[in-house]
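J.: Coordinates in final-v2.tsv, TSV, C-alpha atoms, are listed below.
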chain	number	residue	atom	x	y	z
A	1	MET	CA	90.30	140.86	116.44
A	2	ARG	CA	93.02	140.18	119.00
A	3	ILE	CA	95.85	137.72	118.38
A	4	SER	CA	94.10	135.11	120.57
A	5	ASP	CA	90.96	135.45	118.40
A	6	LEU	CA	93.10	135.18	115.25
A	7	SER	CA	94.53	131.94	116.62
A	8	ARG	CA	91.03	130.57	117.28
A	9	ALA	CA	89.61	131.72	113.91
A	10	SER	CA	92.54	130.34	111.90
A	11	GLY	CA	93.24	127.22	113.93
A	12	VAL	CA	96.93	128.23	114.03
A	13	PRO	CA	98.43	127.90	117.57
A	14	LEU	CA	99.51	131.13	119.27
A	15	PRO	CA	103.25	130.26	119.41
A	16	THR	CA	103.19	129.59	115.64
A	17	LEU	CA	101.47	132.96	115.04
A	18	LYS	CA	104.16	134.72	117.08
A	19	PHE	CA	106.83	132.87	115.12
A	20	TYR	CA	105.27	134.00	111.79
A	21	LEU	CA	105.14	137.60	113.08
A	22	ARG	CA	108.81	137.51	114.15
A	23	GLU	CA	109.83	136.00	110.81
A	24	GLY	CA	107.85	138.64	108.90
A	25	LEU	CA	105.63	136.05	107.16
A	26	LEU	CA	102.55	137.58	108.79
A	27	PRO	CA	102.29	141.41	108.75
A	28	ALA	CA	102.03	143.10	112.13
A	29	GLY	CA	98.53	143.99	113.35
A	30	THR	CA	97.29	147.55	113.66
A	31	ALA	CA	98.35	149.12	116.99
A	32	ARG	CA	95.44	150.10	119.25
A	33	ALA	CA	95.11	152.40	122.26
A	34	SER	CA	94.71	149.37	124.54
A	35	ASN	CA	98.31	148.42	123.64
A	36	GLN	CA	97.00	145.39	121.76
A	37	ALA	CA	97.39	144.79	118.02
A	38	GLU	CA	94.28	144.35	115.89
A	39	TYR	CA	94.14	141.64	113.22
A	40	GLY	CA	91.67	141.22	110.36
A	41	GLU	CA	90.61	139.34	107.24
A	42	ALA	CA	93.93	139.96	105.47
A	43	HIS	CA	95.73	138.12	108.27
A	44	LEU	CA	93.34	135.18	108.05
A	45	ARG	CA	93.87	135.01	104.27
A	46	ARG	CA	97.64	135.14	104.71
A	47	LEU	CA	97.50	132.29	107.24
A	48	ARG	CA	95.41	130.18	104.85
A	49	LEU	CA	98.06	130.67	102.17
A	50	ILE	CA	100.97	129.88	104.52
A	51	ARG	CA	99.19	126.69	105.61
A	52	ALA	CA	98.62	125.64	101.98
A	53	LEU	CA	102.28	126.32	101.10
A	54	THR	CA	103.72	124.43	104.07
A	55	ARG	CA	101.29	121.59	104.78
A	56	ILE	CA	100.09	120.82	101.27
A	57	GLY	CA	103.01	122.10	99.20
A	58	GLY	CA	105.71	121.00	101.67
A	59	LEU	CA	107.65	124.25	101.06
A	60	THR	CA	110.52	125.29	103.31
A	61	LEU	CA	110.38	128.57	105.22
A	62	ARG	CA	112.77	130.15	102.72
A	63	GLN	CA	110.51	129.12	99.82
A	64	VAL	CA	107.39	130.38	101.64
A	65	ARG	CA	109.10	133.75	102.05
A	66	GLU	CA	109.92	133.89	98.31
A	67	VAL	CA	106.37	133.05	97.27
A	68	LEU	CA	104.84	135.57	99.72
A	69	ALA	CA	107.23	138.28	98.44
A	70	ALA	CA	105.98	137.62	94.88
A	71	VAL	CA	102.33	137.71	96.06
A	72	ASP	CA	102.92	141.09	97.75
A	73	ASP	CA	104.93	142.62	94.87
A	74	ALA	CA	102.29	144.08	92.55
A	75	THR	CA	104.92	144.53	89.80
A	76	VAL	CA	105.19	140.72	89.43
A	77	PRO	CA	102.66	139.77	86.71
A	78	ASP	CA	100.08	137.03	87.47
A	79	HIS	CA	101.61	134.45	85.11
A	80	GLU	CA	105.08	134.92	86.65
A	81	LEU	CA	103.58	134.72	90.16
A	82	LEU	CA	102.06	131.32	89.34
A	83	GLY	CA	105.46	130.25	88.00
A	84	VAL	CA	107.24	131.20	91.24
A	85	ALA	CA	104.72	129.08	93.18
A	86	GLN	CA	104.80	126.07	90.84
A	87	TYR	CA	108.60	126.00	90.53
A	88	ALA	CA	108.90	126.01	94.34
A	89	LEU	CA	106.82	122.80	94.45
A	90	GLU	CA	109.26	120.82	92.28
A	91	PRO	CA	112.32	119.21	93.88
A	92	PRO	CA	115.46	120.44	92.05
A	93	SER	CA	117.09	117.91	89.72
A	94	SER	CA	120.20	118.23	87.60
A	95	ARG	CA	120.57	114.68	86.25
A	96	GLY	CA	117.84	115.23	83.67
A	97	ARG	CA	119.98	117.67	81.68
A	98	ALA	CA	121.57	114.76	79.82
A	99	VAL	CA	118.37	114.25	77.82
A	100	ALA	CA	117.46	117.96	77.68
A	101	ARG	CA	117.49	118.10	73.89
A	102	GLU	CA	115.09	115.17	73.69
A	103	VAL	CA	112.73	116.89	76.15
A	104	ASP	CA	113.01	120.10	74.07
A	105	GLU	CA	112.04	118.19	70.94
A	106	LEU	CA	109.11	116.49	72.67
A	107	LEU	CA	107.74	119.80	73.99
A	108	ALA	CA	108.25	121.49	70.61
A	109	GLU	CA	106.35	118.68	68.92
A	110	ILE	CA	103.46	118.89	71.40
A	111	GLY	CA	103.57	122.67	71.02
A	112	TRP	CA	103.92	123.55	74.71
A	113	ASP	CA	105.59	126.78	75.80
A	114	ALA	CA	107.63	126.18	78.97
A	115	HIS	CA	110.67	128.08	80.21
A	116	PRO	CA	114.06	126.40	79.53
A	117	ASP	CA	114.65	126.35	83.31
A	118	ALA	CA	111.24	124.88	84.26
A	119	PRO	CA	112.06	122.27	86.95
A	120	ALA	CA	109.51	119.82	85.51
A	121	ARG	CA	111.72	119.57	82.39
A	122	ALA	CA	114.57	118.21	84.50
A	123	THR	CA	112.22	115.84	86.39
A	124	LEU	CA	110.96	114.52	83.06
A	125	GLY	CA	114.50	114.17	81.70
A	126	GLU	CA	115.67	112.39	84.84
A	127	ALA	CA	112.85	109.83	84.68
A	128	ILE	CA	113.65	109.13	81.00
A	129	ALA	CA	117.39	108.82	81.75
A	130	THR	CA	116.71	106.42	84.65
A	131	LEU	CA	114.44	104.22	82.49
A	132	ARG	CA	117.25	103.98	79.88
A	133	GLU	CA	119.84	103.11	82.55
A	134	LEU	CA	117.56	100.24	83.58
A	135	GLY	CA	117.51	99.01	80.00
A	136	TRP	CA	114.04	100.26	79.04
A	137	THR	CA	113.16	101.59	75.61
A	138	VAL	CA	111.36	104.92	75.92
A	139	ASP	CA	108.93	105.25	73.05
A	140	PRO	CA	108.30	108.89	71.97
A	141	LYS	CA	104.78	107.84	70.94
A	142	GLN	CA	104.07	106.68	74.49
A	143	LEU	CA	105.34	110.01	75.89
A	144	ARG	CA	103.00	111.83	73.51
A	145	ARG	CA	100.07	109.69	74.72
A	146	TYR	CA	100.86	110.74	78.31
A	147	ALA	CA	101.18	114.37	77.22
A	148	ASN	CA	97.84	114.27	75.42
A	149	ALA	CA	96.18	112.74	78.50
A	150	VAL	CA	97.23	115.64	80.75
A	151	ASP	CA	96.88	118.47	78.21
A	152	GLY	CA	93.09	118.71	78.46
A	153	LEU	CA	93.17	118.36	82.26
A	154	ALA	CA	95.74	121.15	82.65
A	155	LYS	CA	93.78	123.46	80.38
A	156	LYS	CA	90.68	123.09	82.56
A	157	GLU	CA	92.78	123.49	85.74
A	158	VAL	CA	94.27	126.78	84.52
A	159	ALA	CA	90.85	127.97	83.37
A	160	SER	CA	89.56	127.61	86.96
A	161	ILE	CA	92.27	129.89	88.45
A	162	PRO	CA	90.64	133.21	87.37
A	163	ASP	CA	87.76	132.39	89.74
A	164	ALA	CA	90.24	133.26	92.50
A	165	ARG	CA	89.42	136.46	94.36
A	166	SER	CA	93.00	137.72	94.84
A	167	ARG	CA	96.65	136.98	94.04
A	168	SER	CA	96.92	135.19	97.38
A	169	ASP	CA	93.91	133.09	96.43
A	170	MET	CA	95.37	132.35	92.95
A	171	VAL	CA	98.58	130.99	94.47
A	172	GLU	CA	96.65	128.96	97.02
A	173	ARG	CA	94.54	127.40	94.27
A	174	LEU	CA	97.64	126.59	92.21
A	175	VAL	CA	99.48	124.91	95.10
A	176	VAL	CA	96.51	122.96	96.48
A	177	GLY	CA	95.28	122.01	93.01
A	178	THR	CA	98.71	120.93	91.76
A	179	VAL	CA	99.57	118.78	94.77
A	180	LEU	CA	96.22	117.22	95.64
A	181	TYR	CA	94.99	116.60	92.09
A	182	GLU	CA	98.41	115.07	91.36
A	183	ARG	CA	97.69	112.58	94.16
A	184	ILE	CA	94.21	111.98	92.77
A	185	LEU	CA	95.61	111.42	89.27
A	186	THR	CA	98.27	108.93	90.39
A	187	ALA	CA	95.87	107.07	92.73
A	188	LEU	CA	93.36	106.73	89.87
A	189	ARG	CA	96.14	105.46	87.58
A	190	ARG	CA	97.02	102.72	90.07
A	191	LEU	CA	93.36	101.72	90.44
A	192	ALA	CA	93.03	101.63	86.65
A	193	GLN	CA	96.14	99.41	86.46
A	194	GLU	CA	94.63	97.03	89.01
A	195	HIS	CA	91.40	96.89	87.02
A	196	HIS	CA	93.16	96.17	83.73
A	197	SER	CA	95.47	93.66	85.42
A	198	ALA	CA	92.38	91.85	86.77
A	199	ARG	CA	90.94	91.64	83.27
A	200	ARG	CA	94.27	90.55	81.76
A	201	PHE	CA	95.67	88.14	84.37
A	202	GLY	CA	92.90	87.52	86.91
A	203	PRO	CA	91.12	84.16	87.39
A	204	GLY	CA	88.25	83.82	84.87
A	205	GLY	CA	88.57	87.39	83.70
A	206	GLY	CA	89.58	88.27	87.25
A	207	ARG	CA	88.08	90.37	90.00
A	208	ASP	CA	90.73	92.06	92.14
A	209	TRP	CA	94.12	91.76	93.85
A	210	SER	CA	92.82	89.93	96.95
B	1	MET	CA	131.00	83.26	88.42
B	2	ARG	CA	132.55	84.06	91.79
B	3	ILE	CA	131.01	86.56	94.19
B	4	SER	CA	133.59	89.20	93.14
B	5	ASP	CA	132.53	88.73	89.50
B	6	LEU	CA	128.87	88.95	90.53
B	7	SER	CA	129.65	92.27	92.23
B	8	ARG	CA	131.35	93.58	89.08
B	9	ALA	CA	128.64	92.31	86.70
B	10	SER	CA	125.77	93.68	88.80
B	11	GLY	CA	127.41	96.88	90.02
B	12	VAL	CA	126.35	95.95	93.58
B	13	PRO	CA	129.21	96.42	96.10
B	14	LEU	CA	130.56	93.26	97.77
B	15	PRO	CA	129.50	94.23	101.34
B	16	THR	CA	125.94	94.78	100.06
B	17	LEU	CA	125.97	91.35	98.35
B	18	LYS	CA	127.10	89.71	101.60
B	19	PHE	CA	124.34	91.55	103.46
B	20	TYR	CA	121.71	90.31	100.96
B	21	LEU	CA	123.04	86.74	101.36
B	22	ARG	CA	122.90	86.95	105.17
B	23	GLU	CA	119.37	88.39	105.04
B	24	GLY	CA	118.24	85.66	102.64
B	25	LEU	CA	117.24	88.14	99.91
B	26	LEU	CA	119.80	86.59	97.56
B	27	PRO	CA	119.90	82.75	97.40
B	28	ALA	CA	123.25	81.16	98.26
B	29	GLY	CA	125.50	80.22	95.35
B	30	THR	CA	126.26	76.62	94.36
B	31	ALA	CA	129.12	75.18	96.46
B	32	ARG	CA	132.18	74.18	94.42
B	33	ALA	CA	135.24	71.98	95.11
B	34	SER	CA	137.45	75.07	95.35
B	35	ASN	CA	135.44	76.03	98.46
B	36	GLN	CA	134.01	78.99	96.55
B	37	ALA	CA	130.33	79.51	95.76
B	38	GLU	CA	129.28	79.81	92.13
B	39	TYR	CA	126.73	82.47	91.07
B	40	GLY	CA	124.79	82.74	87.82
B	41	GLU	CA	122.14	84.52	85.76
B	42	ALA	CA	119.42	83.92	88.38
B	43	HIS	CA	121.48	85.88	90.93
B	44	LEU	CA	121.97	88.76	88.48
B	45	ARG	CA	118.22	88.82	87.79
B	46	ARG	CA	117.43	88.80	91.51
B	47	LEU	CA	119.83	91.72	92.10
B	48	ARG	CA	118.18	93.70	89.30
B	49	LEU	CA	114.81	93.18	90.97
B	50	ILE	CA	116.10	94.12	94.46
B	51	ARG	CA	117.63	97.29	93.01
B	52	ALA	CA	114.33	98.21	91.30
B	53	LEU	CA	112.36	97.58	94.52
B	54	THR	CA	114.69	99.59	96.76
B	55	ARG	CA	116.07	102.39	94.57
B	56	ILE	CA	113.10	103.02	92.31
B	57	GLY	CA	110.24	101.75	94.47
B	58	GLY	CA	111.69	103.00	97.77
B	59	LEU	CA	110.58	99.76	99.52
B	60	THR	CA	111.81	98.87	102.99
B	61	LEU	CA	113.76	95.65	103.57
B	62	ARG	CA	110.66	94.04	105.10
B	63	GLN	CA	108.60	94.93	102.00
B	64	VAL	CA	111.34	93.67	99.66
B	65	ARG	CA	111.26	90.34	101.52
B	66	GLU	CA	107.46	90.10	101.11
B	67	VAL	CA	107.58	90.83	97.38
B	68	LEU	CA	110.45	88.36	96.79
B	69	ALA	CA	108.54	85.67	98.74
B	70	ALA	CA	105.55	86.17	96.41
B	71	VAL	CA	107.83	86.05	93.32
B	72	ASP	CA	109.31	82.74	94.53
B	73	ASP	CA	105.99	81.16	95.57
B	74	ALA	CA	104.67	79.56	92.37
B	75	THR	CA	101.23	79.08	94.01
B	76	VAL	CA	100.71	82.89	94.02
B	77	PRO	CA	98.91	83.70	90.73
B	78	ASP	CA	100.40	86.39	88.44
B	79	HIS	CA	97.63	88.92	89.06
B	80	GLU	CA	97.98	88.58	92.85
B	81	LEU	CA	101.78	88.87	92.54
B	82	LEU	CA	101.41	92.21	90.73
B	83	GLY	CA	99.04	93.29	93.50
B	84	VAL	CA	101.56	92.50	96.24
B	85	ALA	CA	104.16	94.62	94.40
B	86	GLN	CA	101.85	97.55	93.64
B	87	TYR	CA	100.34	97.69	97.14
B	88	ALA	CA	103.87	97.81	98.62
B	89	LEU	CA	104.55	100.99	96.59
B	90	GLU	CA	101.68	102.93	98.17
B	91	PRO	CA	102.19	104.68	101.52
B	92	PRO	CA	99.50	103.47	103.96
B	93	SER	CA	96.72	105.95	104.68
B	94	SER	CA	93.73	105.65	106.97
B	95	ARG	CA	92.25	109.14	106.78
B	96	GLY	CA	90.69	108.44	103.39
B	97	ARG	CA	88.18	106.01	104.87
B	98	ALA	CA	85.84	108.89	105.69
B	99	VAL	CA	84.92	109.26	102.02
B	100	ALA	CA	85.17	105.52	101.23
B	101	ARG	CA	81.56	105.27	100.04
B	102	GLU	CA	82.08	108.13	97.60
B	103	VAL	CA	85.20	106.44	96.22
B	104	ASP	CA	83.21	103.17	95.92
B	105	GLU	CA	80.52	104.96	93.94
B	106	LEU	CA	83.05	106.64	91.66
B	107	LEU	CA	84.81	103.34	90.89
B	108	ALA	CA	81.48	101.56	90.35
B	109	GLU	CA	80.43	104.28	87.93
B	110	ILE	CA	83.70	104.08	85.98
B	111	GLY	CA	83.40	100.30	86.07
B	112	TRP	CA	86.79	99.54	87.61
B	113	ASP	CA	87.38	96.39	89.65
B	114	ALA	CA	89.71	97.12	92.57
B	115	HIS	CA	89.97	95.34	95.91
B	116	PRO	CA	88.21	97.08	98.86
B	117	ASP	CA	91.61	97.25	100.61
B	118	ALA	CA	93.55	98.67	97.63
B	119	PRO	CA	95.76	101.39	99.18
B	120	ALA	CA	95.16	103.73	96.23
B	121	ARG	CA	91.49	103.92	97.33
B	122	ALA	CA	92.56	105.42	100.66
B	123	THR	CA	95.04	107.79	98.95
B	124	LEU	CA	92.25	108.97	96.66
B	125	GLY	CA	89.84	109.36	99.58
B	126	GLU	CA	92.40	111.26	101.62
B	127	ALA	CA	93.09	113.75	98.82
B	128	ILE	CA	89.33	114.36	98.38
B	129	ALA	CA	88.84	114.77	102.16
B	130	THR	CA	91.76	117.25	102.36
B	131	LEU	CA	90.38	119.33	99.46
B	132	ARG	CA	87.01	119.55	101.28
B	133	GLU	CA	88.69	120.57	104.55
B	134	LEU	CA	90.34	123.40	102.63
B	135	GLY	CA	86.93	124.52	101.41
B	136	TRP	CA	87.15	123.17	97.84
B	137	THR	CA	84.21	121.70	95.96
B	138	VAL	CA	85.16	118.35	94.47
B	139	ASP	CA	83.21	117.88	91.26
B	140	PRO	CA	82.48	114.20	90.44
B	141	LYS	CA	82.58	115.12	86.73
B	142	GLN	CA	86.14	116.39	87.15
B	143	LEU	CA	87.15	113.14	88.89
B	144	ARG	CA	85.69	111.19	85.98
B	145	ARG	CA	87.71	113.30	83.52
B	146	TYR	CA	90.88	112.38	85.45
B	147	ALA	CA	89.83	108.73	85.53
B	148	ASN	CA	89.18	108.70	81.78
B	149	ALA	CA	92.59	110.28	81.14
B	150	VAL	CA	94.46	107.48	82.95
B	151	ASP	CA	92.23	104.57	81.89
B	152	GLY	CA	93.68	104.25	78.39
B	153	LEU	CA	97.25	104.72	79.66
B	154	ALA	CA	96.87	102.00	82.32
B	155	LYS	CA	95.38	99.57	79.80
B	156	LYS	CA	98.43	99.94	77.54
B	157	GLU	CA	100.78	99.68	80.55
B	158	VAL	CA	99.22	96.41	81.69
B	159	ALA	CA	99.24	95.10	78.10
B	160	SER	CA	103.05	95.55	78.00
B	161	ILE	CA	103.65	93.37	81.11
B	162	PRO	CA	103.21	89.98	79.34
B	163	ASP	CA	106.35	90.83	77.32
B	164	ALA	CA	108.21	90.09	80.57
B	165	ARG	CA	110.31	86.92	80.48
B	166	SER	CA	109.66	85.77	84.08
B	167	ARG	CA	107.72	86.57	87.26
B	168	SER	CA	110.75	88.47	88.52
B	169	ASP	CA	110.76	90.49	85.30
B	170	MET	CA	106.98	91.13	85.56
B	171	VAL	CA	107.36	92.61	89.04
B	172	GLU	CA	110.36	94.68	87.97
B	173	ARG	CA	108.38	96.10	85.03
B	174	LEU	CA	105.42	96.91	87.29
B	175	VAL	CA	107.54	98.73	89.90
B	176	VAL	CA	109.75	100.65	87.47
B	177	GLY	CA	106.83	101.46	85.17
B	178	THR	CA	104.52	102.58	87.99
B	179	VAL	CA	107.06	104.85	89.70
B	180	LEU	CA	108.92	106.35	86.74
B	181	TYR	CA	105.94	106.83	84.43
B	182	GLU	CA	104.11	108.41	87.39
B	183	ARG	CA	106.94	110.97	87.53
B	184	ILE	CA	106.72	111.45	83.76
B	185	LEU	CA	102.94	111.93	83.98
B	186	THR	CA	103.11	114.51	86.77
B	187	ALA	CA	106.05	116.40	85.18
B	188	LEU	CA	104.13	116.58	81.89
B	189	ARG	CA	101.04	117.84	83.74
B	190	ARG	CA	103.07	120.69	85.29
B	191	LEU	CA	104.56	121.60	81.90
B	192	ALA	CA	101.07	121.57	80.38
B	193	GLN	CA	99.84	123.86	83.20
B	194	GLU	CA	102.70	126.29	82.50
B	195	HIS	CA	101.83	126.28	78.81
B	196	HIS	CA	98.13	126.94	79.41
B	197	SER	CA	98.95	129.57	82.05
B	198	ALA	CA	101.19	131.33	79.51
B	199	ARG	CA	98.32	131.40	77.02
B	200	ARG	CA	95.81	132.52	79.65
B	201	PHE	CA	97.78	135.03	81.74
B	202	GLY	CA	101.06	135.70	79.91
B	203	PRO	CA	101.99	139.02	78.26
B	204	GLY	CA	100.49	139.21	74.75
B	205	GLY	CA	99.40	135.59	74.77
B	206	GLY	CA	102.45	134.84	76.88
B	207	ARG	CA	105.58	132.82	76.42
B	208	ASP	CA	106.81	131.25	79.64
B	209	TRP	CA	107.35	131.68	83.39
B	210	SER	CA	110.64	133.58	83.10
Do you think you could lay out the structure here as structure tokens?

T.:
Amino acid sequence: MRISDLSRASGVPLPTLKFYLREGLLPAGTARASNQAEYGEAHLRRLRLIRALTRIGGLTLRQVREVLAAVDDATVPDHELLGVAQYALEPPSSRGRAVAREVDELLAEIGWDAHPDAPARATLGEAIATLRELGWTVDPKQLRRYANAVDGLAKKEVASIPDARSRSDMVERLVVGTVLYERILTALRRLAQEHHSARRFGPGGGRDWS
Amino acid sequence: MRISDLSRASGVPLPTLKFYLREGLLPAGTARASNQAEYGEAHLRRLRLIRALTRIGGLTLRQVREVLAAVDDATVPDHELLGVAQYALEPPSSRGRAVAREVDELLAEIGWDAHPDAPARATLGEAIATLRELGWTVDPKQLRRYANAVDGLAKKEVASIPDARSRSDMVERLVVGTVLYERILTALRRLAQEHHSARRFGPGGGRDWS
């Protein structure tokens, strides 16, 4: 298809397509006799992935380029590819290092393998450090309850990734699943809090927060 | 104590204290003969709450004012007060209304009481609508698994609120607990995903995402 058809089929405006081509995010089309480039399914798939990375994942252009390079480099193993994508989703944090040993011990106790530089370690450490600064006691048993709650969910999430048809598809599933199911999980937690607050504090057993 | 001592004791800079006084967020001190105002424990507690609402909760000044008004209005019941604070934490969303009936059915099935206008309903609906737009199937059974995972956590969280010494303290616990334990929950989920990805895709059973 022509670039105008690619724009229509993907829903990506023409100026954005030209920008992606210039930046090398989208591979050039095949040159044709008519002096027009021909685009195909691979371009549509690439655009789907770029959209997931930017709109859902909130990645910067530099991060998108890194993830796409890993998708295209067949020497990068699948597990490492998923790591490149997931790590790009996490805002960098350095404050959490103060409680790094505690996080190490927690993960060792739960029995999770995660790289020493996994950004989620620092996010976890930072939240624990901030709670302490505010005078809260952080109970290791409570952390283990939270860990147990997500362990089964994550296992099922990872199990669904092999249904992906390609490396591009795998990364798209990881990014969309991580971000949107995170929103679902936290929204459900707030609704559950409202429900339990209604039962605990509400009038006559309580109904809602109206 | 004098305003300079209040600044030292609370860690809030003097210009910020004067701003809070002008804006009515912090009640005026008691006038003394020496022509200086006297501040006490209530001011320190109020500053703690303002800090939790702004720095941890990310609330705007207008939202802080609304929450403080509810804290100070003894006719607002405890459960409603917690609602005012929790609703202020949620970014408003209107797109989720398209799947509102589905969210209603899910909550009815789980048996959770939550107000029809609870912002987390719209957040949940929006995430489901976005997944569908991206061509994902959203399995009600999966949503129920997520709901079950947070139900027990939320019940324990709400049970810990009565340990609070005052309404101000209750709201502070709700805001800090909601935001920071949300970060802990999502960081743990990402670490759990890495672990299960290592076992599923990693070399020889896999180690990590290095």

J.: Determine which residues of chain A sit within 7 Å of chain B, taking into account only C-alpha atoms, and present them as a PyMOL selection string.

T.: chain A and resi 78-80+83+112-115+120+123-124+127+146-147+149-151+154-155+158+180+182-198+201-202+207-210

J.: I need the residue nearest Tyr20 of chain A from this list: A:Val99, A:Arg65, A:Gly58, A:Gly40. Use only C-alpha atoms for the distance.

T.: A:Arg65

J.: Pick out the closest residue to Pro13 of chain B from this set: B:Ser166, B:Leu47, B:Ala31, B:Met1. Count all atoms listed in the file.

T.: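 That would be B:Leu47, the residue with the smallest distance to Pro13 of chain B.
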
J.: Determine, counting only C-alpha atoms, which protein, DNA and RNA residues have an atom within 10 Å of an atom of Leu26 of chain A; residues of the same chain fewer than 3 positions away are not included. Present the result as a list in words.

T.: Leu17, Lys18, Phe19, Tyr20, Leu21, Arg22, Glu23, Gly29, Ala42, His43, Leu44, Arg46, Leu47, Ile50 and Leu68 of chain A

J.: With all atoms listed in the file counted, which protein, DNA or RNA residues have an atom no more than 9 Å from (107.0, 94.4, 100.0) in the file frame? Please answer as a list of chain:residue names.

T.: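 Using all atoms listed in the file, the matching residues come out as B:Leu53, B:Leu59, B:Thr60, B:Leu61, B:Arg62, B:Gln63, B:Val64, B:Arg65, B:Glu66, B:Val67, B:Leu68, B:Ala69, B:Val84, B:Ala85, B:Gln86, B:Tyr87, B:Ala88, B:Leu89.
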
J.: Could you check how far atom CA of Glu102 of chain B sits from atom CA of Asp169 of chain A, in Å to one decimal?

T.: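 Computing it gives 27.6 Å between the two atoms.
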
J.: Rounded to one decimal in Å, what is the spacing between atom CA of Gly57 of chain A and atom CA of Pro15 of chain A?

T.: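 Distance reported for this atom pair: 21.8 Å.
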
J.: Would you compute the distance between atom CA of Ser93 of chain A and atom CA of Pro92 of chain B? Give it in Å to one decimal.

T.: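 Between atom CA of Ser93 of chain A and atom CA of Pro92 of chain B the gap is 26.8 Å.
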
J.: For segment 52-66 of chain A, supply N, CA and C atoms and format the output as a tab-separated table (two decimals), keeping the file's coordinate frame.

T.:
chain	number	residue	atom	x	y	z
A	52	ALA	N	98.63	126.39	103.24
A	52	ALA	CA	98.62	125.64	101.98
A	52	ALA	C	100.06	125.41	101.49
A	53	LEU	N	100.90	126.43	101.59
A	53	LEU	CA	102.28	126.32	101.10
A	53	LEU	C	103.09	125.32	101.91
A	54	THR	N	102.91	125.32	103.23
A	54	THR	CA	103.72	124.43	104.07
A	54	THR	C	103.14	123.02	104.17
A	55	ARG	N	101.85	122.92	104.54
A	55	ARG	CA	101.29	121.59	104.78
A	55	ARG	C	100.99	120.83	103.50
A	56	ILE	N	100.43	121.52	102.52
A	56	ILE	CA	100.09	120.82	101.27
A	56	ILE	C	101.30	120.82	100.33
A	57	GLY	N	101.91	121.99	100.15
A	57	GLY	CA	103.01	122.10	99.20
A	57	GLY	C	104.34	121.57	99.73
A	58	GLY	N	104.47	121.48	101.09
A	58	GLY	CA	105.71	121.00	101.67
A	58	GLY	C	106.87	121.97	101.48
A	59	LEU	N	106.59	123.26	101.28
A	59	LEU	CA	107.65	124.25	101.06
A	59	LEU	C	108.43	124.53	102.34
A	60	THR	N	109.70	124.86	102.17
A	60	THR	CA	110.52	125.29	103.31
A	60	THR	C	110.18	126.75	103.63
A	61	LEU	N	110.63	127.20	104.79
A	61	LEU	CA	110.38	128.57	105.22
A	61	LEU	C	110.93	129.57	104.22
A	62	ARG	N	112.12	129.26	103.69
A	62	ARG	CA	112.77	130.15	102.72
A	62	ARG	C	111.91	130.25	101.45
A	63	GLN	N	111.35	129.11	101.02
A	63	GLN	CA	110.51	129.12	99.82
A	63	GLN	C	109.20	129.86	100.07
A	64	VAL	N	108.62	129.67	101.29
A	64	VAL	CA	107.39	130.38	101.64
A	64	VAL	C	107.63	131.89	101.54
A	65	ARG	N	108.78	132.33	102.07
A	65	ARG	CA	109.10	133.75	102.05
A	65	ARG	C	109.18	134.28	100.61
A	66	GLU	N	109.80	133.50	99.73
A	66	GLU	CA	109.92	133.89	98.31
A	66	GLU	C	108.55	134.02	97.64
